[in-house]
$ cat work-v5.txt   # compact mmCIF, C-alpha atoms and all ligand atoms
# COMPACT_ATOMS: atom_id res chain seq x y z
CA MET A 2 -0.30 28.63 44.87
CA SER A 3 1.67 27.83 48.01
CA HIS A 4 0.53 30.69 50.19
CA ALA A 5 2.34 29.46 53.29
CA ARG A 6 5.70 29.87 51.61
CA GLN A 7 4.95 33.40 50.43
CA LEU A 8 4.02 34.47 53.97
CA GLU A 9 7.19 32.95 55.31
CA LEU A 10 9.22 34.94 52.79
CA ALA A 11 7.36 38.13 53.60
CA PHE A 12 8.27 37.82 57.28
CA ASP A 13 11.94 36.95 57.14
CA ASP A 14 13.01 38.29 53.79
CA ALA A 15 14.57 41.59 54.81
CA PRO A 16 18.05 42.08 53.28
CA ARG A 17 20.98 41.86 55.71
CA TRP A 18 23.08 44.51 53.97
CA ASP A 19 22.74 47.66 52.03
CA ALA A 20 25.06 48.18 49.07
CA PRO A 21 27.65 50.49 50.78
CA ALA A 22 27.90 48.22 53.84
CA LEU A 23 28.37 45.11 51.71
CA GLU A 24 30.97 46.89 49.58
CA SER A 25 33.01 48.06 52.56
CA VAL A 26 32.94 44.67 54.29
CA LEU A 27 34.03 42.93 51.09
CA ALA A 28 36.83 45.48 50.50
CA ARG A 29 38.04 45.12 54.09
CA ASP A 30 38.04 41.29 54.06
CA ALA A 31 39.50 41.09 50.56
CA GLY A 32 42.22 43.55 51.57
CA ARG A 33 42.04 45.56 48.35
CA PRO A 34 40.13 48.44 46.81
CA LEU A 35 36.92 47.24 45.37
CA ARG A 36 33.85 48.65 43.70
CA LEU A 37 30.59 46.76 44.02
CA VAL A 38 27.85 46.86 41.38
CA LEU A 39 24.58 45.08 42.12
CA THR A 40 22.74 43.51 39.19
CA ASP A 41 19.49 41.79 38.28
CA ASN A 42 21.30 39.67 35.75
CA ARG A 43 19.59 36.31 35.30
CA SER A 44 22.54 34.24 34.12
CA VAL A 45 25.72 35.77 35.55
CA LEU A 46 25.26 36.11 39.29
CA LEU A 47 28.86 36.96 40.12
CA SER A 48 31.74 38.33 38.08
CA PHE A 49 35.04 40.16 38.69
CA LYS A 50 36.91 42.56 36.51
CA ARG A 51 40.00 44.62 37.18
CA GLU A 52 39.45 48.26 36.38
CA ALA A 53 42.12 50.94 36.82
CA GLY A 54 43.77 49.33 39.84
CA CYS A 55 40.44 48.66 41.45
CA LEU A 56 38.45 45.48 41.37
CA LEU A 57 35.00 45.76 39.87
CA LEU A 58 32.78 43.15 41.44
CA ARG A 59 29.36 42.55 39.95
CA LEU A 60 26.99 40.66 42.20
CA HIS A 61 23.37 39.72 41.89
CA ARG A 62 21.11 41.54 44.37
CA MET A 63 20.54 38.24 46.19
CA PHE A 64 23.92 38.87 47.91
CA LEU A 65 22.26 41.59 50.00
CA HIS A 66 20.76 38.58 51.83
CA ALA A 67 24.07 36.75 52.25
CA PRO A 68 25.06 35.61 55.74
CA ASP A 69 28.46 36.71 57.11
CA ALA A 70 30.08 33.35 56.33
CA VAL A 71 29.15 33.65 52.65
CA VAL A 72 30.45 37.24 52.44
CA LEU A 73 33.70 36.17 54.14
CA SER A 74 34.11 33.24 51.77
CA LEU A 75 33.51 35.53 48.81
CA ALA A 76 36.08 38.04 50.11
CA ARG A 77 38.60 35.22 50.58
CA ASN A 78 38.16 34.16 46.95
CA ILE A 79 38.75 37.74 45.87
CA ARG A 80 41.89 38.03 48.03
CA ARG A 81 43.26 34.90 46.41
CA ARG A 82 42.21 36.33 43.03
CA GLY A 83 40.25 33.19 42.45
CA ARG A 84 37.63 33.78 39.84
CA ALA A 85 35.43 30.86 40.74
CA ALA A 86 32.95 31.07 43.56
CA GLY A 87 33.80 28.65 46.36
CA SER A 88 31.42 25.95 47.42
CA GLU A 89 29.98 28.09 50.21
CA VAL A 90 29.12 30.84 47.76
CA ARG A 91 27.76 28.37 45.21
CA ARG A 92 25.50 26.82 47.84
CA PHE A 93 24.18 30.25 48.72
CA MET A 94 23.48 31.05 45.08
CA ASN A 95 21.67 27.76 44.57
CA ALA A 96 19.54 28.32 47.64
CA ASN A 97 18.60 31.82 46.48
CA MET A 98 17.60 31.21 42.90
CA HIS A 99 14.04 32.26 43.77
CA ARG A 100 15.41 35.81 44.00
CA VAL A 101 16.45 35.75 40.36
CA ARG A 102 13.77 37.50 38.40
CA LYS A 103 12.17 35.51 35.65
CA THR A 104 11.05 37.51 32.66
CA PRO A 105 7.34 37.06 32.25
CA ARG A 106 6.56 34.90 29.28
CA GLU A 107 4.54 36.56 26.58
CA MET A 108 1.15 35.45 25.39
CA PRO A 109 1.65 33.80 21.99
CA PRO A 110 -0.66 34.66 19.07
CA LEU A 111 -3.86 32.64 19.50
CA LEU A 112 -4.62 30.29 16.62
CA THR A 113 -8.08 28.78 16.87
CA GLY A 114 -9.11 28.14 13.28
CA GLY A 115 -8.08 24.67 12.18
CA ARG A 116 -8.17 22.59 9.02
CA VAL A 117 -10.90 20.44 10.51
CA HIS A 118 -11.84 21.68 13.96
CA ASP A 119 -12.58 25.23 15.05
CA LEU A 120 -11.14 25.47 18.55
CA ALA A 121 -12.99 28.73 19.37
CA ALA A 122 -16.31 27.05 18.58
CA VAL A 123 -15.48 23.98 20.70
CA TYR A 124 -14.42 26.24 23.58
CA ALA A 125 -17.59 28.38 23.37
CA ASP A 126 -19.72 25.25 23.30
CA ILE A 127 -18.07 23.70 26.38
CA ASN A 128 -18.12 27.03 28.21
CA GLY A 129 -21.90 27.23 27.68
CA ARG A 130 -22.68 23.61 28.49
CA PHE A 131 -20.48 23.16 31.59
CA PHE A 132 -19.40 26.53 32.91
CA GLY A 133 -22.44 28.77 32.44
CA ASN A 134 -20.38 30.82 29.93
CA ARG A 135 -18.43 32.23 32.86
CA LEU A 136 -14.86 31.19 31.98
CA ARG A 137 -12.59 33.63 30.19
CA VAL A 138 -9.52 31.68 29.23
CA PRO A 139 -7.51 32.06 26.02
CA ILE A 140 -7.06 28.90 23.96
CA THR A 141 -4.83 28.10 20.99
CA TRP A 142 -3.60 25.24 18.88
CA GLY A 143 -0.14 24.53 20.23
CA ARG A 144 2.93 23.82 18.17
CA GLY A 145 2.91 20.21 19.26
CA VAL A 146 6.28 20.46 20.96
CA GLY A 147 5.12 19.68 24.49
CA ARG A 148 6.79 16.87 26.40
CA ALA A 149 5.56 13.46 25.41
CA ARG A 150 3.99 11.44 28.16
CA ARG A 151 5.42 7.98 28.55
CA GLY A 152 3.92 6.00 25.72
CA GLY A 153 1.47 8.75 24.98
CA LEU A 154 0.85 12.29 23.87
CA THR A 155 -0.08 15.38 25.82
CA PHE A 156 -3.23 16.40 23.96
CA GLY A 157 -3.81 19.52 25.97
CA SER A 158 -2.07 21.62 28.58
CA TYR A 159 -2.99 24.47 30.87
CA ASP A 160 -0.33 27.07 31.62
CA PRO A 161 -1.20 28.67 34.98
CA VAL A 162 1.28 31.53 34.49
CA LEU A 163 -0.26 32.74 31.23
CA ALA A 164 -3.67 31.22 32.06
CA LEU A 165 -3.58 29.75 28.57
CA ILE A 166 -4.88 26.45 27.16
CA ARG A 167 -2.87 24.81 24.41
CA ILE A 168 -4.25 21.94 22.35
CA HIS A 169 -2.00 19.57 20.41
CA PRO A 170 -2.34 20.20 16.66
CA VAL A 171 -2.47 16.45 16.02
CA LEU A 172 -6.13 16.65 17.08
CA ASP A 173 -6.93 18.86 14.07
CA ARG A 174 -7.51 15.87 11.80
CA PRO A 175 -10.56 14.40 10.06
CA GLY A 176 -10.31 11.13 11.99
CA VAL A 177 -10.57 12.85 15.35
CA PRO A 178 -14.19 12.98 16.53
CA ARG A 179 -15.41 16.30 17.87
CA TYR A 180 -16.41 14.76 21.22
CA PHE A 181 -12.81 13.67 21.80
CA LEU A 182 -11.49 17.18 21.20
CA GLU A 183 -14.30 18.46 23.47
CA SER A 184 -13.22 16.13 26.27
CA VAL A 185 -9.63 17.43 26.06
CA VAL A 186 -10.77 21.08 26.04
CA HIS A 187 -13.16 20.37 28.94
CA HIS A 188 -10.28 18.84 30.96
CA GLU A 189 -8.05 21.89 30.44
CA MET A 190 -10.86 24.35 31.19
CA LEU A 191 -11.40 22.48 34.46
CA HIS A 192 -7.73 23.11 35.31
CA HIS A 193 -8.31 26.83 34.85
CA HIS A 194 -11.53 26.66 36.85
CA MET A 195 -10.31 24.52 39.76
CA GLY A 196 -6.64 25.46 40.11
CA GLY A 197 -4.31 23.37 42.24
CA VAL A 198 -4.37 22.20 45.84
CA PRO A 199 -1.21 21.93 47.95
CA ASP A 200 -0.59 18.44 49.35
CA ARG A 201 1.06 17.71 52.69
CA ALA A 202 4.53 18.01 51.19
CA GLY A 203 3.65 21.44 49.82
CA ARG A 204 3.52 20.26 46.22
CA THR A 205 0.62 21.42 44.11
CA VAL A 206 -1.75 18.66 43.06
CA TYR A 207 -4.05 19.23 40.11
CA HIS A 208 -5.74 15.89 39.43
CA THR A 209 -7.51 15.69 42.77
CA ARG A 210 -10.49 13.47 43.43
CA ALA A 211 -12.77 16.51 43.03
CA PHE A 212 -11.12 17.15 39.67
CA ARG A 213 -11.71 13.56 38.51
CA GLU A 214 -15.34 13.77 39.56
CA ALA A 215 -15.86 17.02 37.67
CA GLU A 216 -14.09 15.54 34.65
CA ALA A 217 -16.40 12.53 34.65
CA ARG A 218 -19.40 14.86 34.30
CA PHE A 219 -18.48 15.24 30.65
CA PRO A 220 -21.09 12.85 29.20
CA ARG A 221 -18.81 11.01 26.76
CA HIS A 222 -15.83 10.92 29.12
CA ARG A 223 -15.49 7.11 29.12
CA GLU A 224 -16.06 6.93 25.40
CA ALA A 225 -13.29 9.52 24.93
CA LEU A 226 -10.87 7.46 27.03
CA ALA A 227 -11.68 4.34 25.02
CA TRP A 228 -11.24 6.23 21.74
CA GLU A 229 -7.84 7.54 22.91
CA LYS A 230 -6.66 4.05 23.81
CA GLU A 231 -7.70 2.62 20.48
CA ASN A 232 -6.32 5.45 18.36
CA LEU A 233 -3.12 6.29 20.19
CA PRO A 234 -0.78 4.49 17.76
CA GLU A 235 -2.26 6.39 14.82
CA LEU A 236 -2.09 9.71 16.71
CA LEU A 237 1.56 9.07 17.64
CA ARG A 238 2.39 8.40 14.00
CA ALA A 239 0.56 11.58 12.99
CA SER A 240 2.38 13.63 15.60
CA HIS A 241 5.76 12.33 14.42
CA ALA A 242 4.75 13.30 10.88
CA LEU A 243 3.94 16.81 12.18
CA ASP A 244 7.38 16.93 13.82
CA ARG A 245 9.05 16.04 10.54
CA GLU A 246 7.00 18.66 8.65
CA ARG A 247 7.96 21.29 11.19
CA ARG A 248 11.65 20.40 11.01
CA ALA A 249 11.58 20.41 7.21
CA ALA A 250 9.86 23.82 7.20
CA ARG A 251 12.50 25.19 9.57
CA ALA A 252 15.33 23.79 7.45
CA ALA A 253 13.77 25.30 4.30
CA ALA A 254 13.46 28.67 6.05
CA ARG A 255 17.12 28.52 7.10
CA ALA A 256 18.20 27.59 3.57
CA ALA A 257 16.16 30.47 2.13
CA ALA A 258 17.79 32.89 4.59
CA ARG A 259 21.29 31.94 3.50
ZN ZN A 301 -4.75 17.49 33.58
$ encode --input "work-v5.txt" --output "structure tokens" --more "lines below"
Ligand SMILES: [Zn+2]
Amino acid sequence: MSHARQLELAFDDAPRWDAPALESVLARDAGRPLRLVLTDNRSVLLSFKREAGCLLLRLHRMFLHAPDAVVLSLARNIRRRGRAAGSEVRRFMNANMHRVRKTPREMPPLLTGGRVHDLAAVYADINGRFFGNRLRVPITWGRGVGRARRGGLTFGSYDPVLALIRIHPVLDRPGVPRYFLESVVHHEMLHHHMGGVPDRAGRTVYHTRAFREAEARFPRHREALAWEKENLPELLRASHALDRERRAARAAARAAAR
């Protein structure tokens, strides 16, 4: 979403080394024979191993972008046989974490049928009434493990990476009016529809004024807010009960597996 940053990276993101050059500079400055293996490992960015009189050094590919001072510092650590990366090297690694590949998360199975509310039906209804049936966004009952807001519950969330809407399972209860669930689904569909806007500091803002205006077009928006306020204590209790059920089910599954 921050296009400016991507352009910046595209222009000055050429590696400073190729693998043979980096290997020979490290061997020279470390003053010992050394074999370099570049990795895409996501957790171990740097490791040493002695192998038949030669040092096997495994480095994350980010080190192809390392400035001379970082390479020298790394070579010095190797010469002193220190296993730990010095502060210079650690700073470099921290500043280059964006080069560490994240495995794409997988789309979870979509559960829309509920005990009380049918999420697919609510979604189809809102899509027709407010979005001209044009949105295509997967939706599922979540597991109810999302972070709790201060003094509240996150009833819905939109994941921009998977483009997936999750709705808290605590809303699948007889006491929860359909219009309240609709207002939560409407809010999350708006996130998919409107995306985020970078602010002056480059952070992405989602609840913009335009977003709040669009949200208020849901006819029972105010009523939904009032209902939430009044019923929050009951919903919190219900969500804690769901937590306990889930933990008990997990414990039973573990016991059965033993
Ligand atoms: Zn929101």
$ closest_atom_pairs --input "work-v5.txt" --of "chain A" --to "ligand ZN 301 (chain A)" --cutoff "12 Å" --atoms "only C-alpha atoms and all ligand atoms" --output "CSV"
residue,atom,partner,partner_atom,distance
A:Arg150,CA,A:ZN301,ZN,11.9
A:Thr155,CA,A:ZN301,ZN,9.3
A:Phe156,CA,A:ZN301,ZN,9.8
A:Gly157,CA,A:ZN301,ZN,7.9
A:Ser158,CA,A:ZN301,ZN,7.0
A:Tyr159,CA,A:ZN301,ZN,7.7
A:Asp160,CA,A:ZN301,ZN,10.7
A:Pro161,CA,A:ZN301,ZN,11.8
A:Ile166,CA,A:ZN301,ZN,11.0
A:Arg167,CA,A:ZN301,ZN,11.9
A:Ser184,CA,A:ZN301,ZN,11.3
A:Val185,CA,A:ZN301,ZN,9.0
A:Val186,CA,A:ZN301,ZN,10.3
A:His187,CA,A:ZN301,ZN,10.0
A:His188,CA,A:ZN301,ZN,6.3
A:Glu189,CA,A:ZN301,ZN,6.3
A:Met190,CA,A:ZN301,ZN,9.5
A:Leu191,CA,A:ZN301,ZN,8.4
A:His192,CA,A:ZN301,ZN,6.6
A:His193,CA,A:ZN301,ZN,10.1
A:His194,CA,A:ZN301,ZN,11.9
A:Met195,CA,A:ZN301,ZN,10.9
A:Gly196,CA,A:ZN301,ZN,10.5
A:Gly197,CA,A:ZN301,ZN,10.5
A:Val206,CA,A:ZN301,ZN,10.0
A:Tyr207,CA,A:ZN301,ZN,6.8
A:His208,CA,A:ZN301,ZN,6.1
A:Thr209,CA,A:ZN301,ZN,9.8
A:Phe212,CA,A:ZN301,ZN,8.8
A:Arg213,CA,A:ZN301,ZN,9.4
A:Ala215,CA,A:ZN301,ZN,11.8
A:Glu216,CA,A:ZN301,ZN,9.6
$ residues_around --input "work-v5.txt" --residues "Leu243 in chain A" --least-positions-apart "3" --cutoff "9 Å" --atoms "all atoms listed in the file" --output "PyMOL selection string"
chain A and resi 145+170-171+238-240+246-248
$ residues_around --input "work-v5.txt" --residues "Ala67 in chain A" --least-positions-apart "2" --cutoff "10 Å" --atoms "only C-alpha atoms" --output "ChimeraX atom specification"
/A:16-18,23,62-65,69-73,90,93-94,97
$ residues_around --input "work-v5.txt" --residues "Val101 in chain A" --least-positions-apart "6" --cutoff "9 Å" --atoms "all atoms listed in the file" --output "ChimeraX atom specification"
/A:41-44,46,61-63
$ write_last_selection --input "work-v5.txt" --atoms "C-alpha atoms" --output "PDB file, in the coordinates of the input"
ATOM      1  CA  ASP A  41      19.490  41.790  38.280  1.00  0.00           C
ATOM      2  CA  ASN A  42      21.300  39.670  35.750  1.00  0.00           C
ATOM      3  CA  ARG A  43      19.590  36.310  35.300  1.00  0.00           C
ATOM      4  CA  SER A  44      22.540  34.240  34.120  1.00  0.00           C
ATOM      5  CA  LEU A  46      25.260  36.110  39.290  1.00  0.00           C
ATOM      6  CA  HIS A  61      23.370  39.720  41.890  1.00  0.00           C
ATOM      7  CA  ARG A  62      21.110  41.540  44.370  1.00  0.00           C
ATOM      8  CA  MET A  63      20.540  38.240  46.190  1.00  0.00           C
TER       9      MET A  63
END
$ atom_distance --input "work-v5.txt" --atom1 "CA of Arg102 in chain A" --atom2 "CA of Arg59 in chain A"
16.5 Å
$ residues_around --input "work-v5.txt" --residues "Asn232 in chain A" --least-positions-apart "5" --cutoff "12 Å" --atoms "all atoms listed in the file" --output "number ranges by chain"
A: 153-154, 171-172, 176-178, 181, 225-227, 237-239
$ atom_distance --input "work-v5.txt" --atom1 "CA of Ala122 in chain A" --atom2 "CA of Trp228 in chain A"
21.7 Å
$ decode --input "work-v5.txt" --residues "range 133-167 of chain A" --atoms "N, CA, C and O atoms" --output "PDB file, in the first residue's frame"
ATOM      1  N   GLY A 133     -23.848  -3.373  -5.058  1.00  0.00           N
ATOM      2  CA  GLY A 133     -24.283  -3.772  -6.400  1.00  0.00           C
ATOM      3  C   GLY A 133     -23.818  -5.179  -6.769  1.00  0.00           C
ATOM      4  O   GLY A 133     -23.586  -5.453  -7.950  1.00  0.00           O
ATOM      5  N   ASN A 134     -23.679  -6.056  -5.760  1.00  0.00           N
ATOM      6  CA  ASN A 134     -23.232  -7.445  -5.989  1.00  0.00           C
ATOM      7  C   ASN A 134     -21.854  -7.540  -6.624  1.00  0.00           C
ATOM      8  O   ASN A 134     -21.522  -8.560  -7.224  1.00  0.00           O
ATOM      9  N   ARG A 135     -21.062  -6.483  -6.502  1.00  0.00           N
ATOM     10  CA  ARG A 135     -19.787  -6.480  -7.228  1.00  0.00           C
ATOM     11  C   ARG A 135     -18.611  -7.024  -6.414  1.00  0.00           C
ATOM     12  O   ARG A 135     -17.577  -7.349  -6.965  1.00  0.00           O
ATOM     13  N   LEU A 136     -18.741  -7.088  -5.088  1.00  0.00           N
ATOM     14  CA  LEU A 136     -17.583  -7.550  -4.308  1.00  0.00           C
ATOM     15  C   LEU A 136     -17.442  -9.061  -4.378  1.00  0.00           C
ATOM     16  O   LEU A 136     -18.425  -9.785  -4.422  1.00  0.00           O
ATOM     17  N   ARG A 137     -16.201  -9.502  -4.446  1.00  0.00           N
ATOM     18  CA  ARG A 137     -15.897 -10.937  -4.366  1.00  0.00           C
ATOM     19  C   ARG A 137     -14.888 -11.083  -3.247  1.00  0.00           C
ATOM     20  O   ARG A 137     -13.693 -10.949  -3.466  1.00  0.00           O
ATOM     21  N   VAL A 138     -15.355 -11.307  -2.058  1.00  0.00           N
ATOM     22  CA  VAL A 138     -14.408 -11.421  -0.944  1.00  0.00           C
ATOM     23  C   VAL A 138     -14.815 -12.596  -0.046  1.00  0.00           C
ATOM     24  O   VAL A 138     -15.969 -12.677   0.380  1.00  0.00           O
ATOM     25  N   PRO A 139     -13.896 -13.546   0.160  1.00  0.00           N
ATOM     26  CA  PRO A 139     -14.232 -14.687   1.005  1.00  0.00           C
ATOM     27  C   PRO A 139     -14.503 -14.256   2.446  1.00  0.00           C
ATOM     28  O   PRO A 139     -13.912 -13.292   2.938  1.00  0.00           O
ATOM     29  N   ILE A 140     -15.405 -14.960   3.088  1.00  0.00           N
ATOM     30  CA  ILE A 140     -15.771 -14.633   4.472  1.00  0.00           C
ATOM     31  C   ILE A 140     -15.887 -15.939   5.253  1.00  0.00           C
ATOM     32  O   ILE A 140     -16.251 -16.975   4.686  1.00  0.00           O
ATOM     33  N   THR A 141     -15.546 -15.891   6.514  1.00  0.00           N
ATOM     34  CA  THR A 141     -15.633 -17.106   7.347  1.00  0.00           C
ATOM     35  C   THR A 141     -15.861 -16.729   8.809  1.00  0.00           C
ATOM     36  O   THR A 141     -15.490 -15.630   9.236  1.00  0.00           O
ATOM     37  N   TRP A 142     -16.508 -17.615   9.544  1.00  0.00           N
ATOM     38  CA  TRP A 142     -16.482 -17.476  11.001  1.00  0.00           C
ATOM     39  C   TRP A 142     -15.047 -17.686  11.439  1.00  0.00           C
ATOM     40  O   TRP A 142     -14.391 -18.649  11.010  1.00  0.00           O
ATOM     41  N   GLY A 143     -14.522 -16.797  12.256  1.00  0.00           N
ATOM     42  CA  GLY A 143     -13.170 -16.963  12.762  1.00  0.00           C
ATOM     43  C   GLY A 143     -13.160 -17.948  13.919  1.00  0.00           C
ATOM     44  O   GLY A 143     -14.185 -18.516  14.287  1.00  0.00           O
ATOM     45  N   ARG A 144     -11.979 -18.113  14.486  1.00  0.00           N
ATOM     46  CA  ARG A 144     -11.870 -18.999  15.642  1.00  0.00           C
ATOM     47  C   ARG A 144     -12.048 -18.218  16.948  1.00  0.00           C
ATOM     48  O   ARG A 144     -12.019 -18.773  18.024  1.00  0.00           O
ATOM     49  N   GLY A 145     -12.176 -16.916  16.808  1.00  0.00           N
ATOM     50  CA  GLY A 145     -12.383 -16.116  18.010  1.00  0.00           C
ATOM     51  C   GLY A 145     -11.117 -15.917  18.806  1.00  0.00           C
ATOM     52  O   GLY A 145     -11.143 -15.708  20.016  1.00  0.00           O
ATOM     53  N   VAL A 146      -9.963 -15.987  18.121  1.00  0.00           N
ATOM     54  CA  VAL A 146      -8.701 -15.845  18.849  1.00  0.00           C
ATOM     55  C   VAL A 146      -8.025 -14.497  18.571  1.00  0.00           C
ATOM     56  O   VAL A 146      -6.920 -14.267  18.995  1.00  0.00           O
ATOM     57  N   GLY A 147      -8.718 -13.634  17.837  1.00  0.00           N
ATOM     58  CA  GLY A 147      -8.132 -12.333  17.508  1.00  0.00           C
ATOM     59  C   GLY A 147      -7.820 -11.536  18.761  1.00  0.00           C
ATOM     60  O   GLY A 147      -8.334 -11.839  19.836  1.00  0.00           O
ATOM     61  N   ARG A 148      -6.961 -10.507  18.610  1.00  0.00           N
ATOM     62  CA  ARG A 148      -6.629  -9.708  19.787  1.00  0.00           C
ATOM     63  C   ARG A 148      -7.890  -9.017  20.300  1.00  0.00           C
ATOM     64  O   ARG A 148      -8.731  -8.590  19.526  1.00  0.00           O
ATOM     65  N   ALA A 149      -7.969  -8.924  21.597  1.00  0.00           N
ATOM     66  CA  ALA A 149      -9.103  -8.229  22.195  1.00  0.00           C
ATOM     67  C   ALA A 149      -8.809  -6.734  22.183  1.00  0.00           C
ATOM     68  O   ALA A 149      -7.708  -6.308  22.486  1.00  0.00           O
ATOM     69  N   ARG A 150      -9.775  -5.963  21.787  1.00  0.00           N
ATOM     70  CA  ARG A 150      -9.619  -4.521  21.920  1.00  0.00           C
ATOM     71  C   ARG A 150      -9.704  -4.186  23.397  1.00  0.00           C
ATOM     72  O   ARG A 150     -10.279  -4.938  24.180  1.00  0.00           O
ATOM     73  N   ARG A 151      -9.164  -3.060  23.759  1.00  0.00           N
ATOM     74  CA  ARG A 151      -9.237  -2.653  25.163  1.00  0.00           C
ATOM     75  C   ARG A 151     -10.706  -2.552  25.569  1.00  0.00           C
ATOM     76  O   ARG A 151     -11.475  -1.801  24.999  1.00  0.00           O
ATOM     77  N   GLY A 152     -11.064  -3.376  26.538  1.00  0.00           N
ATOM     78  CA  GLY A 152     -12.432  -3.336  27.040  1.00  0.00           C
ATOM     79  C   GLY A 152     -13.461  -3.775  26.021  1.00  0.00           C
ATOM     80  O   GLY A 152     -14.646  -3.511  26.192  1.00  0.00           O
ATOM     81  N   GLY A 153     -13.038  -4.423  24.969  1.00  0.00           N
ATOM     82  CA  GLY A 153     -14.024  -4.805  23.966  1.00  0.00           C
ATOM     83  C   GLY A 153     -13.633  -6.052  23.230  1.00  0.00           C
ATOM     84  O   GLY A 153     -12.726  -6.782  23.629  1.00  0.00           O
ATOM     85  N   LEU A 154     -14.333  -6.317  22.151  1.00  0.00           N
ATOM     86  CA  LEU A 154     -14.072  -7.490  21.341  1.00  0.00           C
ATOM     87  C   LEU A 154     -13.938  -7.053  19.895  1.00  0.00           C
ATOM     88  O   LEU A 154     -14.613  -6.126  19.471  1.00  0.00           O
ATOM     89  N   THR A 155     -13.071  -7.727  19.160  1.00  0.00           N
ATOM     90  CA  THR A 155     -12.986  -7.466  17.730  1.00  0.00           C
ATOM     91  C   THR A 155     -13.991  -8.385  17.043  1.00  0.00           C
ATOM     92  O   THR A 155     -13.768  -9.580  16.945  1.00  0.00           O
ATOM     93  N   PHE A 156     -15.115  -7.804  16.622  1.00  0.00           N
ATOM     94  CA  PHE A 156     -16.196  -8.632  16.073  1.00  0.00           C
ATOM     95  C   PHE A 156     -15.905  -9.088  14.650  1.00  0.00           C
ATOM     96  O   PHE A 156     -16.412 -10.097  14.210  1.00  0.00           O
ATOM     97  N   GLY A 157     -15.116  -8.277  13.958  1.00  0.00           N
ATOM     98  CA  GLY A 157     -14.800  -8.664  12.590  1.00  0.00           C
ATOM     99  C   GLY A 157     -13.416  -8.163  12.248  1.00  0.00           C
ATOM    100  O   GLY A 157     -12.909  -7.242  12.880  1.00  0.00           O
ATOM    101  N   SER A 158     -12.764  -8.791  11.267  1.00  0.00           N
ATOM    102  CA  SER A 158     -11.474  -8.283  10.827  1.00  0.00           C
ATOM    103  C   SER A 158     -11.343  -8.531   9.334  1.00  0.00           C
ATOM    104  O   SER A 158     -11.944  -9.465   8.785  1.00  0.00           O
ATOM    105  N   TYR A 159     -10.573  -7.670   8.699  1.00  0.00           N
ATOM    106  CA  TYR A 159     -10.289  -7.848   7.281  1.00  0.00           C
ATOM    107  C   TYR A 159      -8.793  -8.041   7.126  1.00  0.00           C
ATOM    108  O   TYR A 159      -8.005  -7.222   7.595  1.00  0.00           O
ATOM    109  N   ASP A 160      -8.408  -9.144   6.518  1.00  0.00           N
ATOM    110  CA  ASP A 160      -7.002  -9.454   6.308  1.00  0.00           C
ATOM    111  C   ASP A 160      -6.635  -9.057   4.876  1.00  0.00           C
ATOM    112  O   ASP A 160      -7.049  -9.722   3.926  1.00  0.00           O
ATOM    113  N   PRO A 161      -5.869  -7.964   4.701  1.00  0.00           N
ATOM    114  CA  PRO A 161      -5.596  -7.495   3.338  1.00  0.00           C
ATOM    115  C   PRO A 161      -4.656  -8.423   2.565  1.00  0.00           C
ATOM    116  O   PRO A 161      -4.639  -8.373   1.342  1.00  0.00           O
ATOM    117  N   VAL A 162      -3.886  -9.258   3.258  1.00  0.00           N
ATOM    118  CA  VAL A 162      -2.983 -10.167   2.548  1.00  0.00           C
ATOM    119  C   VAL A 162      -3.776 -11.301   1.884  1.00  0.00           C
ATOM    120  O   VAL A 162      -3.622 -11.583   0.699  1.00  0.00           O
ATOM    121  N   LEU A 163      -4.675 -11.899   2.665  1.00  0.00           N
ATOM    122  CA  LEU A 163      -5.505 -12.968   2.098  1.00  0.00           C
ATOM    123  C   LEU A 163      -6.770 -12.414   1.438  1.00  0.00           C
ATOM    124  O   LEU A 163      -7.471 -13.136   0.757  1.00  0.00           O
ATOM    125  N   ALA A 164      -7.058 -11.139   1.660  1.00  0.00           N
ATOM    126  CA  ALA A 164      -8.334 -10.545   1.247  1.00  0.00           C
ATOM    127  C   ALA A 164      -9.482 -11.388   1.798  1.00  0.00           C
ATOM    128  O   ALA A 164     -10.356 -11.853   1.066  1.00  0.00           O
ATOM    129  N   LEU A 165      -9.435 -11.582   3.109  1.00  0.00           N
ATOM    130  CA  LEU A 165     -10.401 -12.465   3.779  1.00  0.00           C
ATOM    131  C   LEU A 165     -11.059 -11.733   4.953  1.00  0.00           C
ATOM    132  O   LEU A 165     -10.382 -11.032   5.709  1.00  0.00           O
ATOM    133  N   ILE A 166     -12.375 -11.907   5.077  1.00  0.00           N
ATOM    134  CA  ILE A 166     -13.103 -11.349   6.227  1.00  0.00           C
ATOM    135  C   ILE A 166     -13.344 -12.465   7.243  1.00  0.00           C
ATOM    136  O   ILE A 166     -13.823 -13.544   6.887  1.00  0.00           O
ATOM    137  N   ARG A 167     -12.983 -12.177   8.485  1.00  0.00           N
ATOM    138  CA  ARG A 167     -13.275 -13.119   9.564  1.00  0.00           C
ATOM    139  C   ARG A 167     -14.264 -12.469  10.531  1.00  0.00           C
ATOM    140  O   ARG A 167     -14.086 -11.305  10.888  1.00  0.00           O
TER     141      ARG A 167
END
